[in-house]
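Heads up, entry-v2.cif below (mmCIF, C-alpha atoms and all ligand atoms):
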```cif
data_final
#
loop_
_atom_site.label_atom_id
_atom_site.label_comp_id
_atom_site.auth_asym_id
_atom_site.auth_seq_id
_atom_site.Cartn_x
_atom_site.Cartn_y
_atom_site.Cartn_z
CA MET N 1 15.10 4.60 49.66
CA GLY N 2 15.38 5.98 46.14
CA ASN N 3 18.65 6.97 44.62
CA ARG N 4 21.44 8.63 46.46
CA THR N 5 23.90 11.30 45.48
CA PHE N 6 27.57 11.02 46.25
CA GLN N 7 27.19 13.79 48.86
CA GLU N 8 24.41 11.85 50.62
CA MET N 9 26.69 8.82 50.74
CA ILE N 10 29.43 10.94 52.33
CA ASP N 11 27.02 12.44 54.87
CA GLU N 12 25.93 8.93 55.86
CA GLN N 13 29.56 7.81 56.17
CA LYS N 14 30.21 10.56 58.67
CA LYS N 15 27.45 9.29 60.98
CA GLY N 16 29.68 6.41 62.05
CA MET N 17 29.39 2.63 61.91
CA PRO N 18 27.24 0.80 64.48
CA PRO N 19 29.15 -1.49 66.89
CA VAL N 20 29.83 -5.09 65.95
CA LEU N 21 27.30 -7.71 67.04
CA LYS N 22 28.49 -10.57 69.19
CA GLY N 23 27.02 -14.03 68.88
CA ASP N 24 27.66 -17.62 69.86
CA LEU N 25 28.51 -19.83 66.87
CA THR N 26 29.34 -22.92 68.89
CA GLY N 27 28.87 -26.03 66.74
CA LYS N 28 28.40 -23.99 63.55
CA THR N 29 30.44 -23.79 60.37
CA VAL N 30 31.21 -20.46 58.72
CA MET N 31 32.84 -19.91 55.32
CA VAL N 32 34.23 -16.54 54.16
CA THR N 33 35.59 -15.91 50.65
CA GLY N 34 38.29 -13.29 50.17
CA ALA N 35 39.26 -13.82 53.79
CA ASN N 36 42.90 -12.77 53.47
CA SER N 37 42.36 -9.05 52.95
CA GLY N 38 40.25 -6.04 53.87
CA ILE N 39 36.66 -6.52 54.98
CA GLY N 40 36.62 -10.31 54.57
CA PHE N 41 39.71 -10.79 56.74
CA GLU N 42 38.25 -8.57 59.48
CA ALA N 43 34.90 -10.39 59.30
CA ALA N 44 36.72 -13.72 59.64
CA LYS N 45 38.41 -12.43 62.83
CA HIS N 46 35.04 -11.38 64.25
CA PHE N 47 33.60 -14.82 63.47
CA ALA N 48 36.66 -16.41 65.13
CA THR N 49 35.77 -14.70 68.42
CA MET N 50 32.33 -16.38 68.38
CA ASN N 51 33.67 -19.93 68.73
CA PRO N 52 32.45 -21.61 65.52
CA ALA N 53 33.19 -25.34 65.27
CA ARG N 54 34.85 -24.61 61.91
CA LEU N 55 35.82 -21.42 60.12
CA VAL N 56 36.72 -21.90 56.47
CA ILE N 57 39.13 -19.28 55.19
CA VAL N 58 38.70 -19.20 51.42
CA CYS N 59 41.39 -17.45 49.41
CA ARG N 60 42.84 -17.59 45.91
CA THR N 61 45.64 -19.84 47.13
CA ILE N 62 46.12 -22.14 50.11
CA ALA N 63 49.27 -20.18 51.00
CA LYS N 64 47.24 -16.95 51.33
CA ALA N 65 44.63 -18.75 53.41
CA GLN N 66 47.32 -20.19 55.67
CA ASP N 67 48.87 -16.74 56.23
CA SER N 68 45.44 -15.39 57.07
CA ILE N 69 44.79 -18.27 59.50
CA LYS N 70 48.09 -17.58 61.28
CA GLN N 71 47.11 -13.96 61.76
CA ILE N 72 43.61 -14.87 62.92
CA GLN N 73 45.04 -17.30 65.45
CA ALA N 74 47.64 -14.76 66.65
CA GLU N 75 45.02 -12.04 67.09
CA THR N 76 42.09 -14.07 68.47
CA GLY N 77 43.52 -17.34 69.79
CA TYR N 78 41.04 -19.27 67.60
CA LYS N 79 42.44 -22.61 66.43
CA ASN N 80 39.78 -24.18 64.17
CA ALA N 81 40.24 -22.14 61.01
CA GLU N 82 40.96 -24.15 57.89
CA PRO N 83 42.18 -23.12 54.44
CA MET N 84 40.38 -23.54 51.13
CA ALA N 85 41.41 -22.40 47.65
CA LEU N 86 39.06 -20.58 45.26
CA GLU N 87 39.86 -18.59 42.15
CA LEU N 88 36.65 -16.91 41.06
CA SER N 89 37.95 -16.06 37.58
CA SER N 90 37.89 -19.80 36.81
CA PHE N 91 34.67 -21.84 36.83
CA ARG N 92 36.86 -24.95 37.06
CA SER N 93 38.45 -23.66 40.28
CA ILE N 94 35.01 -22.87 41.74
CA SER N 95 33.81 -26.39 40.94
CA GLU N 96 36.93 -27.94 42.49
CA SER N 97 36.66 -25.78 45.59
CA VAL N 98 33.06 -26.86 46.18
CA THR N 99 33.89 -30.50 45.50
CA GLN N 100 36.50 -30.24 48.25
CA ALA N 101 34.13 -28.39 50.57
CA THR N 102 31.42 -31.00 50.20
CA LYS N 103 33.94 -33.76 50.94
CA THR N 104 35.36 -32.13 54.06
CA LEU N 105 32.43 -30.22 55.58
CA ASP N 106 29.40 -31.82 57.19
CA ARG N 107 27.46 -28.56 57.54
CA LEU N 108 27.52 -24.91 56.46
CA ASP N 109 25.61 -22.38 58.55
CA ILE N 110 26.95 -19.09 57.24
CA LEU N 111 28.35 -18.60 53.75
CA VAL N 112 29.86 -15.17 53.09
CA GLU N 113 30.41 -14.35 49.42
CA ASN N 114 32.76 -11.44 50.02
CA ALA N 115 35.57 -11.74 47.45
CA ALA N 116 35.49 -9.24 44.60
CA VAL N 117 37.80 -7.17 42.45
CA SER N 118 37.86 -3.80 40.77
CA THR N 119 40.12 -3.98 37.73
CA GLY N 120 39.98 -0.29 36.95
CA TYR N 121 39.13 0.52 33.35
CA GLU N 122 41.11 -2.22 31.69
CA TYR N 123 39.27 -4.92 29.72
CA ILE N 124 40.55 -8.25 31.06
CA PRO N 125 38.85 -11.49 29.96
CA THR N 126 38.92 -14.47 32.33
CA GLU N 127 39.98 -17.98 31.29
CA ASP N 128 36.27 -18.65 30.71
CA GLY N 129 36.03 -15.67 28.38
CA TRP N 130 34.02 -13.33 30.64
CA GLU N 131 34.92 -9.75 31.48
CA THR N 132 36.73 -10.13 34.82
CA MET N 133 34.50 -8.08 37.16
CA LEU N 134 31.40 -9.72 35.73
CA GLN N 135 32.76 -13.19 36.48
CA VAL N 136 34.74 -12.62 39.70
CA ASN N 137 32.16 -10.40 41.40
CA SER N 138 28.87 -11.76 40.05
CA LEU N 139 28.83 -15.02 38.07
CA GLY N 140 31.53 -16.71 40.15
CA PRO N 141 29.99 -16.10 43.59
CA ALA N 142 26.59 -17.16 42.19
CA LEU N 143 28.07 -20.45 40.95
CA HIS N 144 29.88 -20.96 44.26
CA ALA N 145 26.75 -20.30 46.35
CA LEU N 146 24.46 -22.46 44.20
CA LEU N 147 26.91 -25.38 44.25
CA LEU N 148 26.97 -25.14 48.04
CA LEU N 149 23.16 -25.21 48.30
CA PRO N 150 22.89 -28.99 48.91
CA LEU N 151 25.22 -28.67 51.93
CA ILE N 152 23.44 -25.54 53.19
CA SER N 153 20.06 -27.19 52.74
CA LYS N 154 21.21 -30.34 54.55
CA THR N 155 22.42 -28.13 57.42
CA ALA N 156 19.01 -26.46 57.70
CA ARG N 157 17.21 -29.79 57.61
CA GLU N 158 19.38 -31.89 59.89
CA HIS N 159 20.09 -29.26 62.53
CA SER N 160 16.82 -27.27 62.41
CA VAL N 161 18.74 -24.03 61.88
CA VAL N 162 18.33 -21.22 59.35
CA PRO N 163 21.59 -20.83 57.43
CA ARG N 164 22.39 -17.50 55.79
CA ILE N 165 23.93 -16.82 52.41
CA VAL N 166 25.52 -13.39 52.84
CA VAL N 167 26.57 -11.56 49.67
CA VAL N 168 28.66 -8.40 49.98
CA SER N 169 27.18 -5.72 47.73
CA SER N 170 27.68 -1.95 48.06
CA GLU N 171 26.04 1.45 48.41
CA VAL N 172 27.14 2.09 44.81
CA ILE N 173 23.86 0.44 43.77
CA PHE N 174 22.18 3.74 44.71
CA PHE N 175 24.38 5.90 42.50
CA PRO N 176 22.64 7.64 39.58
CA ASP N 177 24.60 5.47 37.09
CA GLY N 178 23.53 2.35 38.99
CA THR N 179 21.72 0.52 36.17
CA ILE N 180 22.44 -2.41 33.87
CA GLY N 181 21.97 -0.18 30.80
CA SER N 182 18.93 -0.12 28.51
CA ASP N 183 21.00 -1.09 25.45
CA ALA N 184 22.42 -4.19 27.14
CA LEU N 185 18.95 -5.11 28.39
CA ALA N 186 17.51 -4.76 24.90
CA ALA N 187 20.15 -7.11 23.49
CA VAL N 188 19.28 -10.75 22.86
CA ASN N 189 21.71 -11.79 25.57
CA THR N 190 22.38 -9.12 28.20
CA LEU N 191 25.21 -10.84 30.07
CA GLN N 192 27.10 -11.69 26.90
CA THR N 193 26.66 -8.12 25.68
CA LEU N 194 27.90 -6.72 28.98
CA SER N 195 30.91 -8.99 28.74
CA SER N 196 31.90 -8.41 25.12
CA LYS N 197 35.06 -6.52 24.35
CA GLU N 198 33.29 -4.23 21.87
CA TYR N 199 30.70 -3.21 24.47
CA CYS N 200 33.27 -2.66 27.23
CA THR N 201 34.43 0.85 26.38
CA PRO N 202 36.26 2.75 29.15
CA GLU N 203 32.92 4.47 29.98
CA ILE N 204 31.24 1.10 30.50
CA LEU N 205 34.14 -0.31 32.50
CA ARG N 206 33.91 2.79 34.69
CA ILE N 207 30.51 1.56 35.90
CA ARG N 208 31.16 -2.19 35.62
CA TYR N 209 32.02 -2.56 39.30
CA VAL N 210 28.68 -0.84 40.12
CA GLN N 211 26.85 -3.21 37.76
CA SER N 212 28.54 -6.21 39.32
CA LYS N 213 27.28 -5.14 42.75
CA ILE N 214 23.75 -4.58 41.37
CA LEU N 215 23.90 -8.15 40.05
CA ASN N 216 24.88 -9.35 43.55
CA THR N 217 21.80 -7.76 45.09
CA MET N 218 19.54 -9.00 42.27
CA PHE N 219 20.89 -12.52 42.77
CA VAL N 220 19.99 -12.40 46.45
CA ARG N 221 16.52 -10.99 45.77
CA LYS N 222 15.79 -13.69 43.22
CA LEU N 223 17.17 -16.45 45.44
CA ALA N 224 14.85 -15.32 48.22
CA THR N 225 11.84 -15.97 46.00
CA LEU N 226 13.07 -19.48 45.14
CA LEU N 227 14.55 -20.82 48.37
CA PRO N 228 12.54 -22.36 51.19
CA ASP N 229 12.00 -20.23 54.31
CA ASN N 230 14.72 -22.04 56.23
CA ILE N 231 17.55 -20.51 54.17
CA VAL N 232 18.09 -16.73 54.24
CA PRO N 233 19.95 -14.98 51.42
CA VAL N 234 20.89 -11.35 52.16
CA SER N 235 23.07 -8.69 50.55
CA LEU N 236 24.75 -5.83 52.34
CA ASN N 237 26.59 -2.55 52.14
CA PRO N 238 29.79 -2.40 54.23
CA GLY N 239 30.26 1.35 53.60
CA PHE N 240 33.23 3.00 51.89
CA CYS N 241 36.26 1.37 53.49
CA VAL N 242 40.04 1.49 53.30
CA SER N 243 41.01 -1.92 51.89
CA GLY N 244 42.85 -3.51 48.98
CA LEU N 245 39.90 -2.95 46.63
CA ARG N 246 41.23 0.13 44.87
CA ARG N 247 44.75 -1.22 44.38
CA LYS N 248 44.31 -1.26 40.58
CA HIS N 249 43.60 2.47 40.65
CA GLU N 250 47.15 3.14 41.73
CA ASN N 251 48.12 5.95 39.46
CA GLY N 252 47.05 9.39 38.43
CA ASP N 253 44.21 11.67 39.47
CA GLU N 254 41.83 8.91 40.38
CA ALA N 255 44.25 7.34 42.85
CA GLU N 256 44.64 10.73 44.49
CA ARG N 257 40.88 11.23 44.62
CA PHE N 258 40.34 7.83 46.25
CA LYS N 259 43.18 8.44 48.71
CA LYS N 260 41.64 11.78 49.70
CA MET N 261 38.23 10.16 50.17
CA GLU N 262 39.72 7.32 52.25
CA ASP N 263 41.59 9.82 54.45
CA GLU N 264 38.56 12.06 54.85
CA PHE N 265 35.76 9.62 55.54
CA GLY N 266 36.76 6.03 54.78
CA TYR N 267 35.87 3.42 57.38
CA THR N 268 38.51 0.92 58.40
CA SER N 269 37.99 -2.58 57.02
CA GLU N 270 37.13 -3.67 60.55
CA GLU N 271 34.29 -1.12 60.68
CA GLY N 272 33.02 -2.28 57.29
CA SER N 273 33.22 -5.93 58.35
CA ARG N 274 30.66 -5.26 61.11
CA GLN N 275 28.04 -5.14 58.38
CA ILE N 276 28.94 -8.67 57.27
CA ILE N 277 28.48 -9.77 60.87
CA TYR N 278 25.11 -8.00 61.06
CA ALA N 279 23.89 -9.71 57.87
CA ALA N 280 25.23 -13.07 59.11
CA ILE N 281 23.84 -13.11 62.66
CA GLY N 282 21.75 -9.96 63.19
CA GLY N 283 18.13 -9.02 62.62
CA LYS N 284 15.23 -11.43 62.21
CA ASP N 285 15.48 -14.20 59.61
CA GLN N 286 12.28 -13.34 57.79
CA GLU N 287 13.08 -9.60 57.69
CA LEU N 288 16.48 -10.26 56.18
CA ARG N 289 15.32 -12.74 53.53
CA GLY N 290 16.24 -11.19 50.19
CA ALA N 291 16.96 -7.87 51.89
CA PHE N 292 19.74 -5.34 51.39
CA THR N 293 21.20 -4.22 54.71
CA SER N 294 23.21 -1.11 55.49
CA TYR N 295 24.24 0.41 58.82
CA SER N 296 22.69 -2.59 60.57
CA GLN N 297 19.23 -2.18 59.13
CA VAL N 298 17.21 -3.25 56.13
CA LEU N 299 17.20 -0.60 53.40
CA GLU N 300 14.89 -0.41 50.41
CA ILE N 301 16.90 -0.84 47.22
CA SER N 302 17.31 1.78 44.48
CA ASP N 303 14.51 3.31 42.41
CA TRP N 304 16.00 1.79 39.28
CA MET N 305 16.13 -1.72 40.74
CA LEU N 306 12.48 -1.35 41.78
CA SER N 307 11.43 0.09 38.40
CA ASP N 308 9.90 -2.01 35.63
CA GLU N 309 13.24 -1.96 33.84
CA GLY N 310 15.07 -3.03 36.99
CA LYS N 311 12.65 -5.89 37.60
CA LYS N 312 13.01 -6.99 34.00
CA ALA N 313 16.79 -6.86 34.41
CA GLU N 314 16.57 -9.05 37.52
CA GLU N 315 14.54 -11.72 35.68
CA LYS N 316 16.57 -11.61 32.48
CA THR N 317 19.99 -11.73 34.11
CA TRP N 318 18.85 -14.55 36.40
CA THR N 319 17.67 -16.67 33.45
CA GLU N 320 20.84 -15.97 31.49
CA MET N 321 23.05 -16.57 34.48
CA LEU N 322 21.51 -19.99 35.06
CA GLU N 323 22.20 -20.86 31.41
CA VAL N 324 25.85 -19.92 31.93
CA LEU N 325 26.14 -21.79 35.23
CA ASN N 326 24.41 -24.88 33.80
CA GLN N 327 27.25 -25.03 31.28
CA ALA N 328 29.92 -24.23 33.85
CA ASP N 329 29.14 -27.14 36.17
CA GLU N 330 27.01 -30.17 35.41
CA ARG N 331 25.69 -30.28 39.00
CA ILE N 332 23.76 -27.00 38.58
CA PRO N 333 20.67 -28.25 36.67
CA GLN N 334 19.97 -30.87 39.35
CA ILE N 335 20.60 -28.40 42.18
CA VAL N 336 18.19 -25.90 40.63
CA LYS N 337 15.58 -28.64 40.20
CA GLU N 338 15.96 -30.02 43.69
CA PHE N 339 16.62 -26.96 45.84
CA LEU N 340 14.92 -24.00 44.13
CA LYS N 341 11.16 -23.64 43.66
CA ALA N 342 10.04 -23.96 40.04
N1 LIG N 401 36.23 -1.28 50.30
C1 LIG N 401 35.09 -0.66 50.06
O1 LIG N 401 34.96 0.57 50.16
C2 LIG N 401 33.88 -1.46 49.69
C3 LIG N 401 32.65 -0.80 49.60
C4 LIG N 401 31.52 -1.52 49.26
C5 LIG N 401 31.62 -2.89 49.01
N2 LIG N 401 32.85 -3.51 49.10
C6 LIG N 401 32.90 -4.95 48.86
O2 LIG N 401 33.56 -5.57 49.96
C7 LIG N 401 34.08 -6.83 49.55
C8 LIG N 401 35.48 -7.01 50.05
O3 LIG N 401 36.32 -6.08 49.39
P1 LIG N 401 37.48 -5.30 50.16
O4 LIG N 401 37.11 -3.87 50.11
O5 LIG N 401 37.79 -5.92 51.45
O6 LIG N 401 38.68 -5.48 49.10
P2 LIG N 401 40.04 -6.32 49.19
O7 LIG N 401 40.82 -5.93 50.39
O8 LIG N 401 40.67 -6.11 47.85
O9 LIG N 401 39.56 -7.81 49.34
C9 LIG N 401 39.02 -8.50 48.25
C10 LIG N 401 39.20 -9.98 48.47
O10 LIG N 401 38.68 -10.65 47.30
C11 LIG N 401 39.68 -11.55 46.82
N3 LIG N 401 39.61 -11.74 45.39
C12 LIG N 401 39.84 -10.82 44.41
N4 LIG N 401 39.81 -11.40 43.21
C13 LIG N 401 39.55 -12.71 43.42
C14 LIG N 401 39.43 -13.83 42.58
N5 LIG N 401 39.59 -13.74 41.25
N6 LIG N 401 39.15 -15.03 43.13
C15 LIG N 401 39.02 -15.17 44.46
N7 LIG N 401 39.16 -14.15 45.32
C16 LIG N 401 39.42 -12.93 44.80
C17 LIG N 401 40.99 -10.87 47.18
O11 LIG N 401 42.05 -11.82 47.12
P3 LIG N 401 43.57 -11.33 46.80
O12 LIG N 401 44.01 -10.56 48.01
O13 LIG N 401 44.28 -12.60 46.59
O14 LIG N 401 43.48 -10.48 45.56
C18 LIG N 401 40.67 -10.39 48.58
O15 LIG N 401 40.79 -11.44 49.49
C19 LIG N 401 33.93 -6.85 48.02
O16 LIG N 401 32.78 -7.60 47.68
C20 LIG N 401 33.71 -5.39 47.67
O17 LIG N 401 32.99 -5.23 46.46
C21 LIG N 401 33.97 -2.82 49.44
#
```
Rewrite the coordinates I just gave you, this time as structure tokens.
Ligand SMILES: NC(=O)c1ccc[n+]([C@@H]2O[C@H](COP(=O)([O-])OP(=O)(O)OC[C@H]3O[C@@H](n4cnc5c(N)ncnc54)[C@H](OP(=O)(O)O)[C@@H]3O)[C@@H](O)[C@H]2O)c1
Amino acid sequence: MGNRTFQEMIDEQKKGMPPVLKGDLTGKTVMVTGANSGIGFEAAKHFATMNPARLVIVCRTIAKAQDSIKQIQAETGYKNAEPMALELSSFRSISESVTQATKTLDRLDILVENAAVSTGYEYIPTEDGWETMLQVNSLGPALHALLLLPLISKTAREHSVVPRIVVVSSEVIFFPDGTIGSDALAAVNTLQTLSSKEYCTPEILRIRYVQSKILNTMFVRKLATLLPDNIVPVSLNPGFCVSGLRRKHENGDEAERFKKMEDEFGYTSEEGSRQIIYAAIGGKDQELRGAFTSYSQVLEISDWMLSDEGKKAEEKTWTEMLEVLNQADERIPQIVKEFLKA
């Protein structure tokens, strides 16, 4: 695929989004994070029309999830949605959310790691001390997905199905500034360097969202090499959509620029959500394993991600991320040992 200029991204946007796939999810359990807003909410509604046994609406608060469930029920008639709380800026909240999920769910067929944030160019540390976009968009979803692996694996085994772990990435991974940064990669600890206040100048924070989406796709690629064939991790591009994502860029020239772009060629969140549905139920399992999908097909990732430096970044950030997650939740070392190939 190579890299892509901004103009090429716009030209692709204007081609239009393929129609949504329809499937039958009878008996299956689907979980969507960030399901109260934008693309995640629209994806949840699409899933609701496919009759899953359970649809878990994961939001930062139960109240938000309950509001979302009311709307889903009003718009689709679906009655089996259930709320779950998850605050990705807190490892403790992620651990608690999964503890609850493993108590209440007996299977998990489709996990959609959709929630993410763009904080603009402000340095905001989380309660765990990480730069917010790094934790909420990358480390947090990785912890959440890995903690859910025993349930996903049990689902594959006991029901002879192939569950999917769907991670929402972005076309921004193809942008020319779509790299982790040679200086951060040369540092003893890349993730800690990326997160440190000194490193996070406004120029770095300008590309942090892009980096967080690169980390999403690297996570999926690495998982695919370590998971058995009966679990499919996949990352996807929903396209440039009108949603709540740019709400932190409310003022000034940038807000105007984004507004103009949204008016000119932005997809609706519903159109973007079709790509979550494709990654969750479309294509062939083995073609989608570890793949990046866009416009309902598998796309080769960026030149940088395929370069020696990109491959090194994938390995290094994976190793460092596991060290962080091992500390964040004591269940992780055993999960890695039991469910990922050595
Ligand atoms: N919109 C685009 O053009 C575009 C393009 C490419 C990729 N994406 C990706 O699409 C996904 C969905 O984004 P969206 O565009 O639909 O934006 P959105 O409308 O802002 O939705 C983001 C969702 O993530 C949740 N979230 C944010 N911070 C969280 C936290 N700390 N803990 C738990 N949940 C949190 C939000 O909850 P609250 O409502 O409570 O904040 C919301 O439900 C993201 O992964 C984004 O990177 C979007």
For Val161 in chain N, find every residue with an atom within 12 Å (counting all atoms listed in the file), except residues of its own chain fewer than 2 positions away, and show them as a count of residues only. 23
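Going from CA of Gly244 in chain N to atom C9 of ligand LIG 401 (chain N) covers 6.3 Å.
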Pick from N:Cys241, N:Leu236, N:Ala142, N:Val162 nearest to ligand LIG 401 (chain N), counting only C-alpha atoms and all ligand atoms: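 Of the candidates, the smallest distance to ligand LIG 401 (chain N) is held by N:Cys241.
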Produce the centre coordinates and the three edge lengths, each in Å to one decimal, of the box along x, y and z that contains all listed atoms of range 194-208 of chain N with 3 Å added on each side, as lines of an AutoDock Vina configuration file.
```
center_x = 32.1
center_y = -2.3
center_z = 28.9
size_x = 14.4
size_y = 19.5
size_z = 20.0
```
Neighbouring residues of Lys14 in chain N were defined as those with any atom within 9 Å, considering only C-alpha atoms; residues of the same chain fewer than 4 positions away were excluded. Please report them as number ranges by chain. N: 9-10, 265-266
List all protein, DNA and RNA residues that have an atom no more than 8 Å from any atom of ligand LIG 401 (chain N), counting all atoms listed in the file, and report them as number ranges by chain. N: 33-41, 58-61, 64, 86-90, 113-118, 132, 136-137, 167-172, 209, 213, 237-247, 266-267, 269, 272
Pick from N:Ala85, N:Ala328, N:Leu194, N:Leu139 nearest to Met31 in chain N, counting all atoms listed in the file: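 Result for the nearest residue to Met31 in chain N: N:Ala85.
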Set the distance at 10 Å and use only C-alpha atoms: which residues neighbour range 44-52 of chain N once local chain neighbours fewer than 6 positions away are removed? I'd like the list as a ChimeraX atom specification. /N:20-37,68-69,71-73,75-81,109,112,270,273-274,276-277,280-281
I want to know what sits within 10 Å of Pro228 in chain N, based on all atoms listed in the file, with residues of the same chain fewer than 6 positions away left out; could you give that as JSON, numbers by chain? {"N": [153, 339, 340, 341]}
Which of N:Ile57, N:Ala65, N:Cys200, N:Leu151 sits closest to Ala184 in chain N [using only C-alpha atoms]: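 Nearest to Ala184 in chain N: N:Cys200.
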Show which residues sit within 7 Å of Ser195 in chain N, as a list in words. Count all atoms listed in the file, and ignore same-chain residues fewer than 4 positions away.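 What passes the distance filter is Trp130, Glu131, Leu191 and Cys200 of chain N.
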Repair of range 92-99 of chain N at the level of all heavy atoms, as a compact mmCIF listing (two decimals), keeping the file's coordinate frame:
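Saved as rebuild-v4.txt:
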```txt
# COMPACT_ATOMS: atom_id res chain seq x y z
N ARG N 92 36.28 -23.65 36.67
CA ARG N 92 36.86 -24.95 37.06
C ARG N 92 37.32 -24.90 38.52
O ARG N 92 37.05 -25.80 39.31
CB ARG N 92 38.04 -25.28 36.13
CG ARG N 92 38.71 -26.62 36.36
CD ARG N 92 40.00 -26.75 35.56
NE ARG N 92 40.79 -25.52 35.53
CZ ARG N 92 41.57 -25.10 36.52
NH1 ARG N 92 41.69 -25.81 37.62
NH2 ARG N 92 42.23 -23.96 36.42
N SER N 93 37.98 -23.79 38.89
CA SER N 93 38.45 -23.66 40.28
C SER N 93 37.27 -23.63 41.25
O SER N 93 37.32 -24.22 42.34
CB SER N 93 39.29 -22.38 40.43
OG SER N 93 39.49 -22.08 41.78
N ILE N 94 36.20 -22.94 40.86
CA ILE N 94 35.01 -22.87 41.74
C ILE N 94 34.44 -24.27 41.95
O ILE N 94 34.14 -24.68 43.07
CB ILE N 94 33.96 -21.91 41.14
CG1 ILE N 94 34.52 -20.49 41.03
CG2 ILE N 94 32.68 -21.92 41.99
CD1 ILE N 94 33.67 -19.52 40.20
N SER N 95 34.34 -25.02 40.84
CA SER N 95 33.81 -26.39 40.94
C SER N 95 34.69 -27.24 41.86
O SER N 95 34.19 -27.97 42.72
CB SER N 95 33.76 -27.03 39.55
OG SER N 95 32.87 -26.33 38.74
N GLU N 96 36.00 -27.12 41.67
CA GLU N 96 36.93 -27.94 42.49
C GLU N 96 36.84 -27.54 43.97
O GLU N 96 36.87 -28.39 44.85
CB GLU N 96 38.37 -27.75 41.99
CG GLU N 96 38.61 -28.49 40.68
CD GLU N 96 39.96 -28.16 40.04
OE1 GLU N 96 40.76 -27.41 40.66
OE2 GLU N 96 40.21 -28.64 38.93
N SER N 97 36.72 -26.25 44.20
CA SER N 97 36.66 -25.78 45.59
C SER N 97 35.42 -26.35 46.28
O SER N 97 35.49 -26.83 47.42
CB SER N 97 36.61 -24.24 45.59
OG SER N 97 36.65 -23.75 46.89
N VAL N 98 34.29 -26.34 45.57
CA VAL N 98 33.06 -26.86 46.18
C VAL N 98 33.12 -28.38 46.33
O VAL N 98 32.63 -28.94 47.32
CB VAL N 98 31.81 -26.41 45.40
CG1 VAL N 98 30.56 -27.05 45.97
CG2 VAL N 98 31.69 -24.89 45.43
N THR N 99 33.74 -29.04 45.37
CA THR N 99 33.89 -30.50 45.50
C THR N 99 34.67 -30.81 46.79
O THR N 99 34.29 -31.68 47.57
CB THR N 99 34.64 -31.07 44.27
OG1 THR N 99 33.85 -30.79 43.12
CG2 THR N 99 34.85 -32.58 44.39
```
